[in-house]
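Printed here is my_file.cif (mmCIF, C-alpha atoms):
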```
data_start
loop_
_atom_site.group_PDB
_atom_site.id
_atom_site.type_symbol
_atom_site.label_atom_id
_atom_site.label_comp_id
_atom_site.auth_asym_id
_atom_site.auth_seq_id
_atom_site.Cartn_x
_atom_site.Cartn_y
_atom_site.Cartn_z
ATOM 1 C CA MET A 231 25.755 2.928 13.019
ATOM 2 C CA LYS A 232 22.210 1.722 12.300
ATOM 3 C CA SER A 233 22.404 2.985 8.686
ATOM 4 C CA ASP A 234 25.720 1.133 8.201
ATOM 5 C CA LEU A 235 24.115 -2.059 9.454
ATOM 6 C CA LEU A 236 21.150 -1.637 7.096
ATOM 7 C CA SER A 237 23.497 -0.911 4.204
ATOM 8 C CA ASN A 238 25.545 -4.035 4.957
ATOM 9 C CA LEU A 239 22.369 -6.124 5.232
ATOM 10 C CA THR A 240 21.107 -4.799 1.878
ATOM 11 C CA THR A 241 24.457 -5.582 0.225
ATOM 12 C CA TYR A 242 24.467 -9.077 1.743
ATOM 13 C CA LYS A 243 20.924 -9.748 0.483
ATOM 14 C CA ALA A 244 21.854 -8.591 -3.043
ATOM 15 C CA LYS A 245 24.897 -10.885 -3.085
ATOM 16 C CA LEU A 246 22.887 -13.831 -1.782
ATOM 17 C CA ARG A 247 20.165 -13.241 -4.408
ATOM 18 C CA ALA A 248 22.810 -12.994 -7.158
ATOM 19 C CA PHE A 249 24.406 -16.270 -6.012
ATOM 20 C CA TYR A 250 21.000 -17.975 -5.946
ATOM 21 C CA HIS A 251 20.565 -16.973 -9.638
ATOM 22 C CA ALA A 252 24.181 -17.627 -10.777
ATOM 23 C CA TRP A 253 25.404 -20.217 -13.319
ATOM 24 C CA SER A 254 24.212 -23.761 -12.726
ATOM 25 C CA PRO A 255 27.000 -26.340 -12.370
ATOM 26 C CA TYR A 256 24.397 -28.972 -13.352
ATOM 27 C CA ASP A 257 23.023 -27.269 -16.450
ATOM 28 C CA CYS A 258 26.077 -26.792 -18.640
ATOM 29 C CA SER A 259 28.204 -28.592 -21.195
ATOM 30 C CA ARG A 260 30.634 -31.201 -19.913
ATOM 31 C CA ASN A 261 33.405 -28.888 -21.209
ATOM 32 C CA ILE A 262 32.428 -26.122 -18.767
ATOM 33 C CA TYR A 263 32.855 -25.892 -15.022
ATOM 34 C CA ILE A 264 31.773 -23.228 -12.549
ATOM 35 C CA LYS A 265 34.581 -21.617 -10.563
ATOM 36 C CA ALA A 266 34.543 -21.579 -6.756
ATOM 37 C CA ASN A 267 33.103 -18.036 -6.653
ATOM 38 C CA GLY A 268 29.885 -19.443 -8.195
ATOM 39 C CA PHE A 269 29.518 -16.533 -10.633
ATOM 40 C CA THR A 270 32.111 -17.422 -13.280
ATOM 41 C CA LEU A 271 32.119 -20.273 -15.766
ATOM 42 C CA HIS A 272 35.327 -21.589 -17.329
ATOM 43 C CA ARG A 273 35.317 -23.267 -20.738
ATOM 44 C CA ASN A 274 37.994 -25.939 -21.013
ATOM 45 C CA PRO A 275 40.198 -25.904 -24.141
ATOM 46 C CA VAL A 276 38.388 -28.547 -26.209
ATOM 47 C CA ALA A 277 38.878 -28.373 -29.984
ATOM 48 C CA GLN A 278 35.922 -28.269 -32.390
ATOM 49 C CA SER A 279 33.263 -27.865 -29.711
ATOM 50 C CA THR A 280 30.748 -25.174 -28.826
ATOM 51 C CA ASP A 281 29.642 -25.195 -25.212
ATOM 52 C CA ALA A 282 26.839 -23.477 -23.302
ATOM 53 C CA CYS A 283 25.722 -22.889 -19.729
ATOM 54 C CA ARG A 284 22.430 -21.770 -18.197
ATOM 55 C CA GLY A 285 21.647 -19.921 -14.988
ATOM 56 C CA LYS A 286 20.104 -21.767 -12.040
ATOM 57 C CA ILE A 287 16.778 -19.922 -12.183
ATOM 58 C CA GLY A 288 14.443 -19.460 -15.151
ATOM 59 C CA PHE A 289 11.752 -16.821 -15.552
ATOM 60 C CA ASN A 290 8.266 -16.786 -17.068
ATOM 61 C CA ARG A 291 6.864 -13.710 -15.335
ATOM 62 C CA GLY A 292 8.114 -10.310 -14.243
ATOM 63 C CA ARG A 293 11.047 -8.253 -15.479
ATOM 64 C CA HIS A 294 14.636 -9.305 -14.806
ATOM 65 C CA ALA A 295 18.110 -7.933 -15.434
ATOM 66 C CA TRP A 296 21.568 -9.463 -15.146
ATOM 67 C CA GLU A 297 25.058 -8.472 -16.192
ATOM 68 C CA VAL A 298 27.369 -10.631 -18.278
ATOM 69 C CA ILE A 299 31.119 -9.995 -18.357
ATOM 70 C CA TRP A 300 33.212 -11.949 -20.863
ATOM 71 C CA GLU A 301 36.602 -12.218 -19.155
ATOM 72 C CA GLY A 302 38.613 -13.904 -21.866
ATOM 73 C CA PRO A 303 38.951 -13.949 -25.639
ATOM 74 C CA LEU A 304 35.688 -14.218 -27.556
ATOM 75 C CA GLY A 305 36.944 -16.534 -30.285
ATOM 76 C CA THR A 306 34.909 -16.797 -33.481
ATOM 77 C CA VAL A 307 31.499 -17.051 -31.762
ATOM 78 C CA ALA A 308 30.467 -15.669 -28.343
ATOM 79 C CA VAL A 309 26.709 -15.539 -27.735
ATOM 80 C CA ILE A 310 24.693 -14.197 -24.781
ATOM 81 C CA GLY A 311 20.936 -14.393 -24.295
ATOM 82 C CA VAL A 312 18.285 -16.786 -23.023
ATOM 83 C CA SER A 313 17.118 -20.338 -23.604
ATOM 84 C CA THR A 314 14.584 -22.856 -22.391
ATOM 85 C CA LYS A 315 15.651 -26.129 -20.744
ATOM 86 C CA GLU A 316 15.141 -27.861 -24.112
ATOM 87 C CA ALA A 317 17.967 -25.949 -25.862
ATOM 88 C CA PRO A 318 21.185 -27.976 -26.375
ATOM 89 C CA LEU A 319 24.287 -27.213 -24.309
ATOM 90 C CA GLN A 320 26.989 -28.716 -26.549
ATOM 91 C CA CYS A 321 27.558 -29.358 -30.246
ATOM 92 C CA PRO A 322 30.499 -30.126 -32.556
ATOM 93 C CA GLY A 323 32.267 -27.315 -34.399
ATOM 94 C CA TYR A 324 32.389 -23.581 -33.722
ATOM 95 C CA VAL A 325 28.854 -22.292 -34.190
ATOM 96 C CA GLY A 326 26.260 -19.994 -32.655
ATOM 97 C CA LEU A 327 24.831 -22.708 -30.399
ATOM 98 C CA LEU A 328 22.696 -20.231 -28.465
ATOM 99 C CA GLY A 329 20.157 -19.262 -31.109
ATOM 100 C CA SER A 330 20.614 -22.436 -33.149
ATOM 101 C CA ASP A 331 17.084 -23.689 -32.469
ATOM 102 C CA GLU A 332 13.582 -22.482 -31.621
ATOM 103 C CA GLN A 333 14.361 -22.783 -27.881
ATOM 104 C CA SER A 334 17.084 -20.112 -27.687
ATOM 105 C CA TRP A 335 17.702 -16.447 -28.510
ATOM 106 C CA GLY A 336 21.146 -14.851 -28.555
ATOM 107 C CA TRP A 337 23.348 -11.933 -29.555
ATOM 108 C CA ASN A 338 26.719 -12.889 -31.043
ATOM 109 C CA LEU A 339 29.149 -10.337 -29.606
ATOM 110 C CA VAL A 340 31.726 -11.121 -32.306
ATOM 111 C CA ASP A 341 29.768 -10.008 -35.380
ATOM 112 C CA ASN A 342 26.791 -8.175 -33.797
ATOM 113 C CA TYR A 343 24.155 -10.523 -35.226
ATOM 114 C CA LEU A 344 21.052 -11.791 -33.468
ATOM 115 C CA LEU A 345 20.476 -15.566 -33.635
ATOM 116 C CA HIS A 346 17.269 -17.569 -33.274
ATOM 117 C CA ASN A 347 15.929 -20.792 -34.791
ATOM 118 C CA GLY A 348 19.208 -21.405 -36.624
ATOM 119 C CA ASP A 349 19.048 -18.120 -38.551
ATOM 120 C CA THR A 350 20.507 -14.669 -38.208
ATOM 121 C CA GLN A 351 17.785 -12.201 -37.319
ATOM 122 C CA GLY A 352 19.686 -9.088 -38.427
ATOM 123 C CA ARG A 353 22.382 -6.846 -37.043
ATOM 124 C CA TYR A 354 22.209 -5.564 -33.502
ATOM 125 C CA PRO A 355 22.243 -2.939 -32.205
ATOM 126 C CA LEU A 356 20.821 -0.801 -34.992
ATOM 127 C CA LEU A 357 23.408 1.946 -34.607
ATOM 128 C CA ASN A 358 25.677 3.474 -37.229
ATOM 129 C CA ASN A 359 29.281 2.288 -36.775
ATOM 130 C CA CYS A 360 28.406 0.228 -33.723
ATOM 131 C CA PRO A 361 31.581 -0.568 -31.762
ATOM 132 C CA LYS A 362 32.545 -4.188 -31.255
ATOM 133 C CA TYR A 363 32.319 -5.667 -27.797
ATOM 134 C CA GLN A 364 35.500 -5.250 -25.771
ATOM 135 C CA VAL A 365 36.533 -8.038 -23.396
ATOM 136 C CA GLY A 366 35.643 -7.079 -19.839
ATOM 137 C CA GLU A 367 32.762 -4.778 -20.811
ATOM 138 C CA ARG A 368 29.557 -5.273 -18.840
ATOM 139 C CA ILE A 369 26.515 -6.141 -20.899
ATOM 140 C CA ARG A 370 23.185 -5.878 -19.134
ATOM 141 C CA VAL A 371 20.546 -8.356 -20.328
ATOM 142 C CA ILE A 372 16.921 -7.313 -19.765
ATOM 143 C CA LEU A 373 14.204 -9.961 -19.977
ATOM 144 C CA ASP A 374 10.630 -8.672 -19.908
ATOM 145 C CA CYS A 375 8.332 -11.671 -19.462
ATOM 146 C CA GLU A 376 5.258 -9.406 -19.456
ATOM 147 C CA GLY A 377 6.122 -7.747 -22.779
ATOM 148 C CA HIS A 378 7.814 -10.942 -24.087
ATOM 149 C CA THR A 379 10.981 -9.068 -25.116
ATOM 150 C CA LEU A 380 14.733 -9.409 -24.672
ATOM 151 C CA SER A 381 16.917 -6.292 -24.703
ATOM 152 C CA PHE A 382 20.513 -5.353 -23.942
ATOM 153 C CA GLU A 383 22.435 -2.405 -22.482
ATOM 154 C CA ARG A 384 26.116 -1.596 -22.813
ATOM 155 C CA GLY A 385 27.659 0.845 -20.380
ATOM 156 C CA TYR A 386 24.191 1.986 -19.235
ATOM 157 C CA GLU A 387 23.222 2.754 -22.844
ATOM 158 C CA PHE A 388 20.000 0.999 -23.840
ATOM 159 C CA LEU A 389 20.631 -0.725 -27.189
ATOM 160 C CA GLY A 390 16.984 -1.397 -28.028
ATOM 161 C CA VAL A 391 14.772 -4.461 -28.093
ATOM 162 C CA ALA A 392 16.602 -7.393 -29.653
ATOM 163 C CA PHE A 393 13.808 -9.995 -29.672
ATOM 164 C CA ARG A 394 10.030 -9.753 -29.499
ATOM 165 C CA GLY A 395 7.445 -12.520 -29.158
ATOM 166 C CA LEU A 396 9.296 -14.662 -26.614
ATOM 167 C CA PRO A 397 7.302 -17.655 -25.298
ATOM 168 C CA VAL A 398 4.524 -16.819 -22.862
ATOM 169 C CA LYS A 399 4.582 -19.772 -20.453
ATOM 170 C CA LYS A 400 8.025 -21.370 -20.859
ATOM 171 C CA LYS A 401 10.756 -20.498 -18.384
ATOM 172 C CA LEU A 402 13.682 -18.673 -19.948
ATOM 173 C CA TYR A 403 17.151 -18.985 -18.413
ATOM 174 C CA PRO A 404 20.176 -16.695 -18.693
ATOM 175 C CA THR A 405 22.485 -18.519 -21.131
ATOM 176 C CA VAL A 406 25.811 -18.105 -22.952
ATOM 177 C CA SER A 407 27.616 -20.227 -25.517
ATOM 178 C CA ALA A 408 31.371 -20.101 -26.069
ATOM 179 C CA VAL A 409 34.010 -21.657 -28.303
ATOM 180 C CA TYR A 410 37.326 -20.253 -27.046
ATOM 181 C CA GLY A 411 39.404 -22.456 -24.737
ATOM 182 C CA ASN A 412 40.007 -21.161 -21.203
ATOM 183 C CA THR A 413 37.654 -18.225 -21.665
ATOM 184 C CA GLU A 414 35.631 -17.217 -18.620
ATOM 185 C CA VAL A 415 32.227 -15.563 -18.391
ATOM 186 C CA SER A 416 30.696 -14.101 -15.245
ATOM 187 C CA MET A 417 27.023 -13.422 -14.659
ATOM 188 C CA VAL A 418 25.491 -11.362 -11.834
ATOM 189 C CA TYR A 419 21.719 -11.239 -11.394
ATOM 190 C CA LEU A 420 20.505 -7.707 -10.577
ATOM 191 C CA GLY A 421 16.752 -8.139 -10.121
ATOM 192 C CA PRO A 422 14.146 -5.915 -11.812
ATOM 193 C CA PRO A 423 15.631 -3.386 -14.275
ATOM 194 C CA LEU A 424 16.117 0.089 -12.842
ATOM 195 C CA ASP A 425 13.880 1.761 -15.442
ATOM 196 C CA GLY A 426 10.704 0.513 -13.868
#
```
Show this structure as structure tokens.
Amino acid sequence: MKSDLLSNLTTYKAKLRAFYHAWSPYDCSRNIYIKANGFTLHRNPVAQSTDACRGKIGFNRGRHAWEVIWEGPLGTVAVIGVSTKEAPLQCPGYVGLLGSDEQSWGWNLVDNYLLHNGDTQGRYPLLNNCPKYQVGERIRVILDCEGHTLSFERGYEFLGVAFRGLPVKKKLYPTVSAVYGNTEVSMVYLGPPLDG
């Protein structure tokens, strides 16, 4: 009975922590709203617009992991990663908004390219015949503020470091950018990565 109570308390704390770190309803494009569960964003069907959303909490120290689940069509551009508060959250057209400036770093799940400072930074992951992302797959994002790196996992397979040399003192926020109308993206903060 006591172990059940402790288990329930641990689960409750994890859920509360995840909600505390979930998508921010105040830090997203006007074309996005956060669903009642607090963990899922919904992009409204607005033509010729790319829209982004950040998490409530940013990080500039420690190691952090969160899962992103794209629950609708990807469209032509679907980017996950991190950004500072200075990165834009909306722009005209269908582009890789996350990664379009020096304040954001992202992985486009559609074509497996890394984006930063308006340029593609190469293919990712560096695997032969890398499979394309499938809607509903869980992608784990790993931000290491001590090593200044951003990495990803798919299905518990570590895909390697995607970005090195992230800013030392600026807070980085979980971020996605989307173009497809009515698509939904969930994010669940997990805490420190399990590898260390």
Run the PyMOL selection byres ((chain A and resi 247-264) around 9) mentally over the shown coordinates, then write out the matched residues as a PyMOL selection string, using the chain letters and numbers from the document. chain A and resi 242-246+265-276+279-288+296+315+318-320+404-405+416-421
Which residues would end up in the selection if the PyMOL selection byres ((chain A and resi 393) around 12) were applied here, given that I need the answer as an NGL selection string? :A and (311-312 or 329 or 334-337 or 343-346 or 350-355 or 371-375 or 377-382 or 389-392 or 394-397)
Given the choices A:Gly411, A:Pro423, A:Gly302, A:Pro361, which gets closest to A:Arg384 if the distance is worked out from only C-alpha atoms?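 Ranked by minimum distance to A:Arg384, first place goes to A:Pro361.
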What lies within 8 Å of A:Ala317 using all atoms listed in the file, ignoring chain neighbours under 6 positions off, as a CSV table (one decimal) with C-alpha atoms, keeping the file's coordinate frame?
```csv
chain,number,residue,atom,x,y,z
A,328,LEU,CA,22.7,-20.2,-28.5
A,331,ASP,CA,17.1,-23.7,-32.5
A,333,GLN,CA,14.4,-22.8,-27.9
A,334,SER,CA,17.1,-20.1,-27.7
```
Can you measure atom CA of A:Tyr386 to atom CA of A:Arg293 for me? One decimal in Å is fine.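 Here the two named atoms are 17.1 Å from each other.
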Report as a PDB file with C-alpha atoms, in the frame of the given file the full result of the PyMOL selection byres ((chain A and resi 290) around 8) when it is applied to this structure.
```
ATOM      1  CA  GLY A 288      14.443 -19.460 -15.151  1.00  0.00           C
ATOM      2  CA  PHE A 289      11.752 -16.821 -15.552  1.00  0.00           C
ATOM      3  CA  ARG A 291       6.864 -13.710 -15.335  1.00  0.00           C
ATOM      4  CA  GLY A 292       8.114 -10.310 -14.243  1.00  0.00           C
ATOM      5  CA  CYS A 375       8.332 -11.671 -19.462  1.00  0.00           C
ATOM      6  CA  VAL A 398       4.524 -16.819 -22.862  1.00  0.00           C
ATOM      7  CA  LYS A 399       4.582 -19.772 -20.453  1.00  0.00           C
ATOM      8  CA  LYS A 400       8.025 -21.370 -20.859  1.00  0.00           C
ATOM      9  CA  LYS A 401      10.756 -20.498 -18.384  1.00  0.00           C
ATOM     10  CA  LEU A 402      13.682 -18.673 -19.948  1.00  0.00           C
TER      11      LEU A 402
END
```
Around stretch 393-412 of chain A, with edges along x, y and z and 4 Å added on all six sides, what centre and edge lengths do you get, in Å to one decimal, as lines of an AutoDock Vina configuration file?
```
center_x = 22.3
center_y = -16.1
center_z = -24.0
size_x = 43.5
size_y = 20.7
size_z = 19.3
```
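Atom to atom, atom CA of A:Pro322 and atom CA of A:Gly305 stand 15.2 Å apart.
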